[in-house]
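Text of the file run.csv, holding CSV, C-alpha atoms and all ligand atoms:
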```csv
chain,number,residue,atom,x,y,z
M,999,GLU,CA,-102.4,59.6,185.6
M,1000,ARG,CA,-102.5,59.9,189.4
M,1001,ASP,CA,-102.0,56.3,190.2
M,1002,SER,CA,-98.9,56.1,188.1
M,1003,LEU,CA,-97.4,59.0,190.0
M,1004,ASP,CA,-96.0,57.7,193.2
M,1005,THR,CA,-92.7,59.2,193.9
M,1006,ILE,CA,-91.6,62.7,195.0
M,1007,TRP,CA,-88.0,63.5,196.0
M,1008,MET,CA,-87.9,65.3,199.3
M,1009,ASN,CA,-84.8,66.4,201.2
M,1010,GLY,CA,-82.7,63.7,199.7
M,1011,GLU,CA,-85.2,60.9,199.9
M,1012,PHE,CA,-87.6,59.4,197.4
M,1013,THR,CA,-90.9,59.5,199.1
M,1014,ASP,CA,-94.4,58.1,198.3
M,1015,TRP,CA,-96.7,60.8,196.9
M,1016,GLU,CA,-99.0,60.7,199.9
M,1017,ASP,CA,-96.1,60.9,202.4
M,1018,ALA,CA,-94.6,64.0,200.8
M,1019,THR,CA,-96.1,66.4,203.4
M,1020,THR,CA,-95.0,69.3,205.6
M,1021,HIS,CA,-96.0,70.7,209.0
M,1022,VAL,CA,-98.8,73.3,209.2
M,1023,LEU,CA,-96.4,75.6,211.0
M,1024,THR,CA,-94.0,75.5,208.1
M,1025,HIS,CA,-92.5,79.0,207.7
M,1026,GLY,CA,-93.0,79.0,203.9
M,1027,LEU,CA,-96.7,78.2,204.3
M,1028,HIS,CA,-97.3,81.3,206.5
M,1029,TYR,CA,-95.0,83.8,204.8
M,1030,GLY,CA,-94.6,82.7,201.2
M,1031,THR,CA,-90.9,82.2,201.9
M,1032,GLY,CA,-90.0,79.7,199.2
M,1033,VAL,CA,-88.6,79.7,195.6
M,1034,PHE,CA,-89.6,77.3,192.8
M,1035,GLU,CA,-89.0,76.3,189.2
M,1036,GLY,CA,-91.2,75.1,186.4
M,1037,ALA,CA,-89.5,73.1,183.6
M,1038,ARG,CA,-90.7,70.7,181.0
M,1039,CYS,CA,-89.3,67.3,180.0
M,1040,TYR,CA,-90.2,66.6,176.3
M,1041,ASP,CA,-90.5,63.2,174.8
M,1042,THR,CA,-88.1,64.1,171.9
M,1043,GLU,CA,-87.1,62.1,168.8
M,1044,ASN,CA,-84.0,61.2,170.8
M,1045,GLY,CA,-85.8,60.2,174.0
M,1046,PRO,CA,-87.1,62.2,177.0
M,1047,ALA,CA,-85.1,65.3,177.7
M,1048,ILE,CA,-85.5,68.3,180.1
M,1049,PHE,CA,-85.5,71.6,178.2
M,1050,ARG,CA,-82.9,74.1,179.5
M,1051,TRP,CA,-82.6,72.4,182.9
M,1052,ASP,CA,-79.2,74.0,183.6
M,1053,ALA,CA,-80.9,77.5,183.3
M,1054,HIS,CA,-83.8,76.4,185.5
M,1055,VAL,CA,-81.6,75.0,188.3
M,1056,GLU,CA,-79.3,78.0,188.1
M,1057,ARG,CA,-82.3,80.3,188.5
M,1058,LEU,CA,-83.6,78.3,191.5
M,1059,PHE,CA,-80.3,79.0,193.3
M,1060,ASP,CA,-80.4,82.7,192.2
M,1061,SER,CA,-84.0,83.1,193.4
M,1062,ALA,CA,-82.9,81.8,196.9
M,1063,LYS,CA,-80.2,84.4,197.3
M,1064,PRO,CA,-82.3,87.5,198.2
M,1065,TYR,CA,-83.8,85.5,201.1
M,1066,ASP,CA,-80.5,84.2,202.5
M,1067,MET,CA,-81.9,80.8,201.7
M,1068,GLU,CA,-79.1,78.1,201.6
M,1069,ILE,CA,-80.3,75.2,199.4
M,1070,PRO,CA,-78.6,72.2,201.2
M,1071,PHE,CA,-78.0,70.3,197.9
M,1072,SER,CA,-75.7,70.9,195.0
M,1073,LYS,CA,-77.0,71.6,191.4
M,1074,ASP,CA,-75.7,68.1,190.4
M,1075,GLU,CA,-77.6,66.5,193.3
M,1076,LEU,CA,-80.8,68.2,192.3
M,1077,THR,CA,-80.2,67.3,188.7
M,1078,GLU,CA,-79.7,63.6,189.5
M,1079,ALA,CA,-82.7,63.7,191.8
M,1080,THR,CA,-84.9,65.2,189.1
M,1081,LEU,CA,-83.8,62.6,186.5
M,1082,GLU,CA,-84.6,59.9,189.0
M,1083,VAL,CA,-88.0,61.3,189.8
M,1084,ILE,CA,-88.9,61.2,186.1
M,1085,ARG,CA,-87.6,57.7,185.7
M,1086,ARG,CA,-89.3,56.3,188.8
M,1087,ASN,CA,-92.7,57.8,187.7
M,1088,ASP,CA,-92.3,56.3,184.2
M,1089,LEU,CA,-92.7,59.8,182.7
M,1090,GLU,CA,-91.6,60.7,179.2
M,1091,SER,CA,-93.1,64.2,178.8
M,1092,CYS,CA,-93.9,65.9,182.0
M,1093,TYR,CA,-93.8,69.2,184.0
M,1094,ILE,CA,-91.1,69.4,186.7
M,1095,ARG,CA,-91.7,71.4,189.9
M,1096,PRO,CA,-88.7,71.9,192.2
M,1097,VAL,CA,-89.4,73.9,195.3
M,1098,ALA,CA,-87.2,75.1,198.2
M,1099,TYR,CA,-88.8,76.7,201.2
M,1100,TYR,CA,-88.1,77.7,204.8
M,1101,GLY,CA,-89.5,74.6,206.7
M,1102,TYR,CA,-90.8,73.9,210.2
M,1103,HIS,CA,-88.9,75.2,213.2
M,1104,GLN,CA,-90.3,78.5,214.4
M,1105,LEU,CA,-92.7,81.2,213.3
M,1106,GLY,CA,-92.1,84.9,213.1
M,1107,VAL,CA,-91.1,86.6,209.8
M,1108,SER,CA,-87.4,85.9,210.6
M,1109,PRO,CA,-86.7,82.3,209.5
M,1110,GLY,CA,-84.2,81.9,212.4
M,1111,ASP,CA,-83.2,78.3,212.6
M,1112,CYS,CA,-85.9,77.1,210.1
M,1113,PRO,CA,-84.4,74.5,207.8
M,1114,THR,CA,-84.5,74.9,204.0
M,1115,ASP,CA,-86.6,72.0,202.7
M,1116,VAL,CA,-86.4,71.0,199.1
M,1117,ALA,CA,-88.8,68.9,197.1
M,1118,ILE,CA,-89.0,67.9,193.4
M,1119,ALA,CA,-92.2,66.5,191.8
M,1120,ALA,CA,-93.1,65.8,188.2
M,1121,TRP,CA,-96.4,65.2,186.5
M,1122,PRO,CA,-98.0,65.2,183.0
M,1123,TRP,CA,-99.2,68.7,182.1
M,1124,GLY,CA,-100.6,69.4,178.7
M,1125,ALA,CA,-101.0,72.9,177.1
M,1126,TYR,CA,-101.1,75.4,180.0
M,1127,LEU,CA,-103.9,77.4,178.4
M,1128,GLY,CA,-105.4,74.6,176.4
M,1129,GLU,CA,-104.5,72.9,173.1
M,1130,GLU,CA,-107.0,75.1,171.1
M,1131,ALA,CA,-105.2,78.2,172.6
M,1132,LEU,CA,-101.9,77.2,171.0
M,1133,ARG,CA,-103.6,77.3,167.6
M,1134,ASN,CA,-106.2,80.1,167.8
M,1135,GLY,CA,-104.9,82.3,170.7
M,1136,ILE,CA,-106.6,83.5,173.8
M,1137,ASP,CA,-108.6,86.5,175.0
M,1138,VAL,CA,-106.8,88.5,177.7
M,1139,MET,CA,-107.7,91.3,180.0
M,1140,ILE,CA,-105.5,94.1,181.4
M,1141,SER,CA,-105.7,93.4,185.1
M,1142,SER,CA,-106.8,96.1,187.5
M,1143,TRP,CA,-103.9,94.8,189.7
M,1144,ARG,CA,-100.4,96.0,189.0
M,1145,LYS,CA,-97.3,93.9,189.1
M,1146,HIS,CA,-95.1,94.4,192.2
M,1147,ALA,CA,-92.2,96.8,191.4
M,1148,SER,CA,-88.8,95.2,191.3
M,1149,SER,CA,-87.8,97.9,193.8
M,1150,GLN,CA,-90.3,96.4,196.3
M,1151,ILE,CA,-89.4,92.7,195.7
M,1152,PRO,CA,-87.0,91.0,193.4
M,1153,THR,CA,-89.3,90.2,190.5
M,1154,ASN,CA,-86.5,88.3,188.8
M,1155,ALA,CA,-86.7,85.7,191.6
M,1156,LYS,CA,-89.3,83.1,191.3
M,1157,THR,CA,-90.6,83.6,194.8
M,1158,ASN,CA,-93.6,81.6,196.0
M,1159,GLY,CA,-95.3,84.5,197.7
M,1160,LEU,CA,-95.2,86.6,194.6
M,1161,TYR,CA,-97.9,84.4,193.0
M,1162,VAL,CA,-100.7,85.9,195.1
M,1163,ASN,CA,-100.4,88.8,192.7
M,1164,SER,CA,-100.6,86.4,189.8
M,1165,LEU,CA,-103.7,84.8,191.3
M,1166,LEU,CA,-105.4,88.1,191.8
M,1167,ALA,CA,-104.8,89.1,188.2
M,1168,GLY,CA,-105.5,85.8,186.6
M,1169,GLU,CA,-108.7,85.0,188.6
M,1170,GLU,CA,-110.0,88.6,187.9
M,1171,ALA,CA,-109.6,87.9,184.2
M,1172,ARG,CA,-111.3,84.5,184.3
M,1173,ARG,CA,-114.1,85.9,186.5
M,1174,ASN,CA,-114.7,88.4,183.7
M,1175,GLY,CA,-114.8,85.8,180.9
M,1176,TYR,CA,-111.2,86.1,179.7
M,1177,GLU,CA,-108.6,83.2,179.7
M,1178,GLU,CA,-105.7,85.1,181.2
M,1179,ALA,CA,-104.5,88.6,182.3
M,1180,ILE,CA,-101.8,90.9,181.2
M,1181,VAL,CA,-100.4,92.8,184.2
M,1182,LEU,CA,-99.0,96.3,183.9
M,1183,ASN,CA,-96.1,97.5,186.2
M,1184,LYS,CA,-96.4,100.5,188.5
M,1185,GLU,CA,-95.4,102.9,185.7
M,1186,GLY,CA,-98.4,101.5,183.8
M,1187,ASN,CA,-96.3,99.8,181.1
M,1188,VAL,CA,-96.7,96.2,180.1
M,1189,ALA,CA,-94.9,93.8,182.5
M,1190,GLU,CA,-96.0,90.2,181.9
M,1191,GLY,CA,-98.8,87.7,182.4
M,1192,PRO,CA,-99.4,86.0,185.8
M,1193,GLY,CA,-97.2,83.1,184.7
M,1194,GLU,CA,-95.9,84.2,181.3
M,1195,ASN,CA,-93.8,86.7,179.5
M,1196,VAL,CA,-95.3,88.9,176.8
M,1197,PHE,CA,-94.1,89.5,173.2
M,1198,MET,CA,-95.5,91.9,170.6
M,1199,VAL,CA,-94.9,91.9,166.8
M,1200,ARG,CA,-95.1,95.1,164.9
M,1201,ASP,CA,-94.0,95.5,161.2
M,1202,GLY,CA,-92.2,92.2,161.4
M,1203,GLU,CA,-90.1,93.1,164.4
M,1204,LEU,CA,-90.3,91.6,167.9
M,1205,TYR,CA,-90.8,93.6,171.1
M,1206,THR,CA,-90.7,92.4,174.7
M,1207,PRO,CA,-90.5,94.2,178.0
M,1208,SER,CA,-86.9,94.6,179.1
M,1209,LEU,CA,-85.8,93.0,182.4
M,1210,SER,CA,-86.1,96.4,184.2
M,1211,GLU,CA,-89.9,96.4,183.6
M,1212,SER,CA,-90.4,94.3,186.8
M,1213,ILE,CA,-90.7,91.0,185.1
M,1214,LEU,CA,-89.3,87.4,185.5
M,1215,ASP,CA,-86.2,86.8,183.4
M,1216,GLY,CA,-88.1,84.1,181.5
M,1217,ILE,CA,-86.1,81.1,180.0
M,1218,THR,CA,-88.7,80.7,177.2
M,1219,ARG,CA,-88.5,84.5,176.6
M,1220,ASP,CA,-84.7,84.0,176.2
M,1221,THR,CA,-85.3,81.0,173.9
M,1222,VAL,CA,-87.7,82.9,171.7
M,1223,ILE,CA,-85.4,85.9,171.5
M,1224,THR,CA,-82.6,83.5,170.3
M,1225,LEU,CA,-84.9,81.8,167.8
M,1226,ALA,CA,-86.0,85.2,166.4
M,1227,GLU,CA,-82.4,86.5,166.1
M,1228,GLU,CA,-81.4,83.2,164.3
M,1229,ARG,CA,-84.2,83.9,161.8
M,1230,GLY,CA,-83.2,87.5,161.2
M,1231,ILE,CA,-86.2,88.9,163.1
M,1232,PRO,CA,-85.0,92.1,164.9
M,1233,VAL,CA,-85.7,92.0,168.6
M,1234,HIS,CA,-86.3,95.0,170.9
M,1235,GLU,CA,-86.2,94.6,174.7
M,1236,THR,CA,-87.9,97.8,175.7
M,1237,ALA,CA,-90.8,99.4,177.6
M,1238,ILE,CA,-94.1,98.7,176.0
M,1239,SER,CA,-97.0,101.0,176.8
M,1240,ARG,CA,-100.5,99.8,177.4
M,1241,GLY,CA,-101.7,101.6,174.2
M,1242,GLU,CA,-99.2,99.8,172.0
M,1243,LEU,CA,-100.9,96.5,172.7
M,1244,ASN,CA,-104.0,97.7,170.7
M,1245,THR,CA,-102.1,98.5,167.6
M,1246,ALA,CA,-99.8,95.5,167.7
M,1247,ASP,CA,-99.9,93.2,164.6
M,1248,GLU,CA,-99.5,90.2,166.9
M,1249,LEU,CA,-99.1,89.3,170.6
M,1250,PHE,CA,-98.1,86.1,172.4
M,1251,PHE,CA,-97.2,84.7,175.8
M,1252,THR,CA,-94.2,82.6,176.5
M,1253,GLY,CA,-93.5,80.3,179.5
M,1254,SER,CA,-92.3,76.8,180.4
M,1255,ALA,CA,-95.9,75.9,181.0
M,1256,ALA,CA,-97.5,78.3,178.4
M,1257,GLU,CA,-94.8,77.5,175.8
M,1258,VAL,CA,-95.8,79.9,173.0
M,1259,THR,CA,-99.5,80.9,173.2
M,1260,PRO,CA,-100.9,83.5,170.8
M,1261,ILE,CA,-103.1,86.4,172.2
M,1262,ARG,CA,-105.9,87.3,169.9
M,1263,LYS,CA,-107.8,90.0,171.9
M,1264,VAL,CA,-107.0,92.4,174.7
M,1265,ASP,CA,-110.0,93.7,176.6
M,1266,ASN,CA,-112.1,92.7,173.6
M,1267,VAL,CA,-109.9,94.7,171.1
M,1268,VAL,CA,-109.0,92.4,168.3
M,1269,ILE,CA,-105.2,92.1,167.8
M,1270,GLY,CA,-104.2,91.9,164.1
M,1271,GLU,CA,-106.4,89.4,162.4
M,1272,GLY,CA,-107.7,88.1,165.7
M,1273,THR,CA,-105.9,84.8,165.5
M,1274,ARG,CA,-102.3,83.4,165.6
M,1275,GLY,CA,-100.2,85.8,163.5
M,1276,PRO,CA,-97.6,84.7,161.0
M,1277,VAL,CA,-94.5,85.7,163.0
M,1278,THR,CA,-96.0,84.0,166.1
M,1279,GLU,CA,-96.6,80.9,164.1
M,1280,GLU,CA,-93.1,80.9,162.7
M,1281,LEU,CA,-91.6,81.2,166.3
M,1282,GLN,CA,-94.1,78.8,167.8
M,1283,SER,CA,-93.2,76.2,165.1
M,1284,ALA,CA,-89.5,76.8,165.6
M,1285,PHE,CA,-90.0,76.3,169.4
M,1286,PHE,CA,-91.9,73.0,169.0
M,1287,ASP,CA,-89.5,71.7,166.4
M,1288,LEU,CA,-86.6,72.6,168.7
M,1289,VAL,CA,-88.1,70.9,171.8
M,1290,ASP,CA,-89.2,67.9,169.8
M,1291,ARG,CA,-85.6,67.7,168.5
M,1292,LYS,CA,-86.8,67.9,164.9
M,1293,THR,CA,-83.7,70.1,164.5
M,1294,ASP,CA,-80.3,69.4,166.1
M,1295,GLU,CA,-79.6,73.0,167.1
M,1296,HIS,CA,-78.9,73.9,170.8
M,1297,ASP,CA,-78.3,70.3,171.8
M,1298,ASP,CA,-76.7,71.8,175.0
M,1299,TRP,CA,-80.2,72.9,176.0
M,1300,PHE,CA,-81.3,69.3,176.5
M,1301,THR,CA,-80.6,67.1,179.6
M,1302,TYR,CA,-81.5,63.6,178.5
M,1303,ILE,CA,-83.1,61.3,181.1
T,1,LIG,C1,-94.5,85.5,186.5
T,1,LIG,C2,-93.9,84.7,185.4
T,1,LIG,N1,-93.4,85.3,184.3
T,1,LIG,C3,-92.8,84.6,183.3
T,1,LIG,C4,-92.8,83.2,183.3
T,1,LIG,C5,-92.1,82.5,182.2
T,1,LIG,O1,-90.8,82.0,182.6
T,1,LIG,P1,-90.1,80.8,182.0
T,1,LIG,O2,-90.9,79.6,182.4
T,1,LIG,O3,-88.7,80.8,182.6
T,1,LIG,O4,-90.1,80.9,180.5
T,1,LIG,C6,-93.3,82.5,184.5
T,1,LIG,C7,-93.3,81.0,184.5
T,1,LIG,N2,-94.4,80.4,185.1
T,1,LIG,C8,-94.3,79.0,185.6
T,1,LIG,C9,-95.3,78.7,186.6
T,1,LIG,C10,-96.7,78.3,186.0
T,1,LIG,C11,-97.7,77.9,187.1
T,1,LIG,O5,-98.9,78.1,186.9
T,1,LIG,O6,-97.2,77.4,188.2
T,1,LIG,C12,-94.1,78.0,184.5
T,1,LIG,O7,-94.4,78.4,183.3
T,1,LIG,O8,-93.7,76.9,184.7
T,1,LIG,C13,-93.8,83.2,185.5
T,1,LIG,O9,-94.3,82.6,186.6
```

Final structure tokens representation of the file:
Amino acid sequence: ERDSLDTIWMNGEFTDWEDATTHVLTHGLHYGTGVFEGARCYDTENGPAIFRWDAHVERLFDSAKPYDMEIPFSKDELTEATLEVIRRNDLESCYIRPVAYYGYHQLGVSPGDCPTDVAIAAWPWGAYLGEEALRNGIDVMISSWRKHASSQIPTNAKTNGLYVNSLLAGEEARRNGYEEAIVLNKEGNVAEGPGENVFMVRDGELYTPSLSESILDGITRDTVITLAEERGIPVHETAISRGELNTADELFFTGSAAEVTPIRKVDNVVIGEGTRGPVTEELQSAFFDLVDRKTDEHDDWFTYI
């Protein structure tokens, strides 16, 4: 699809893909000082629509706060720019990547007079962990790397620099023949995946690490919690120990990219029946029916192009 992708919005202008560049002495490149979002536009029955865009753009601004980063555009301006990027690239279903970062002016950890640059790109992105994974689940490994503690860095901010931890964990898993990692927090309890939140099903009830477990406040996590509650499935936001993963009936990841991806093995221990579990399937179907607009619930969660 590369040749059909030609427009990126950058600092208020629509730019050709190859011209959307930044200086090698950009602050964010050296110190990870940027914040970003990942959202999906779905080609729904009522036309292309971004899922929970308001929550994503809200989180982008929230993520910038700990770094005194002033995003020099309003939420409405970023929304209009995003819709226009999708239109200009003739995309119906796509993945949207807004990023705000300290730009080029000076180096040294303090950003000083560095500008805050903002860019928004969109591209087609299929199943994050593969189509087959959505059906049959994936094999994960408990990473030897721990998640940063929220006392060391705001893990509820989607900070560019945080993702070296995600790379260390995810690549360690793939090097060892697994598809993805689960990362424990410094207390040794379950935090999340490198780019996903984690859910566990036990005796028909849903468990997921609470926000105090050094995790990202996932929008898909919030969606699945809502869908479960609407279906009378009790939800517990709590600490989950590493040992509880082995005796779980079902496990699954959630994320804007990962959507709802079942986990069938952890460190080669089979979870439940070793495939997508019934509660996972019920919530995954509810999620996809929702985002495809096969149901008309939560219409406020959709920003039509
Ligand atoms: C660390 C982390 N935890 C949880 C989530 C799920 O959050 P939410 O998307 O709001 O449900 C994500 C999103 N990971 C994004 C980046 C993926 C990438 O590879 O880049 C995503 O899913 O867009 C994370 O990066």

Show which residues sit within 8 Å of range 1012-1020 of chain M, as an mmCIF file with C-alpha atoms, in the coordinates of the input. Count all atoms listed in the file, and ignore same-chain residues fewer than 6 positions away.
```
data_model
loop_
_atom_site.group_PDB
_atom_site.id
_atom_site.type_symbol
_atom_site.label_atom_id
_atom_site.label_comp_id
_atom_site.auth_asym_id
_atom_site.auth_seq_id
_atom_site.Cartn_x
_atom_site.Cartn_y
_atom_site.Cartn_z
ATOM 1 C CA LEU M 1003 -97.400 59.000 190.000
ATOM 2 C CA ASP M 1004 -96.000 57.700 193.200
ATOM 3 C CA THR M 1005 -92.700 59.200 193.900
ATOM 4 C CA ILE M 1006 -91.600 62.700 195.000
ATOM 5 C CA VAL M 1083 -88.000 61.300 189.800
ATOM 6 C CA GLY M 1101 -89.500 74.600 206.700
ATOM 7 C CA TYR M 1102 -90.800 73.900 210.200
#
```

(message) I'd like the neighbourhood of Tyr1093 in chain M as a ChimeraX atom specification, where a residue qualifies if any of its atoms comes within 6 Å (using only C-alpha atoms), though same-chain residues fewer than 6 positions away should be ignored.
(response) /M:1037-1038,1120-1123

(message) Excluding Leu1023 in chain M and its own-chain neighbours fewer than 5 positions away, which residues fall within 8 Å of it when counting only C-alpha atoms? Please give them as a PyMOL selection string.
(response) chain M and resi 1028+1102-1105

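We find CA of Cys1112 in chain M and CA of Gly1030 in chain M to be spaced 13.6 Å apart.
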
(request) Residues within 9 Å of ligand LIG 1 (chain T), counting only C-alpha atoms and all ligand atoms: report them as a PyMOL selection string. (result) chain M and resi 1034-1038+1053-1054+1057+1093-1095+1126+1153-1154+1156+1160-1161+1164+1189-1196+1213-1221+1251-1257

(request) Just the residues within 8 Å of range 1289-1293 of chain M, please, counting all atoms listed in the file, with nothing from its chain fewer than 2 positions along; format it as a list in words. (result)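 Here the answer would be Tyr1040, Asp1041, Thr1042, Glu1043, Asn1044, Phe1049, Phe1285, Phe1286, Asp1287 and Glu1295 of chain M.
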
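The closest residue to Ser1148 in chain M, picked from M:Glu1056, M:Glu1211, M:Glu1011, M:Asp1088 and counting all atoms listed in the file, is M:Glu1211.
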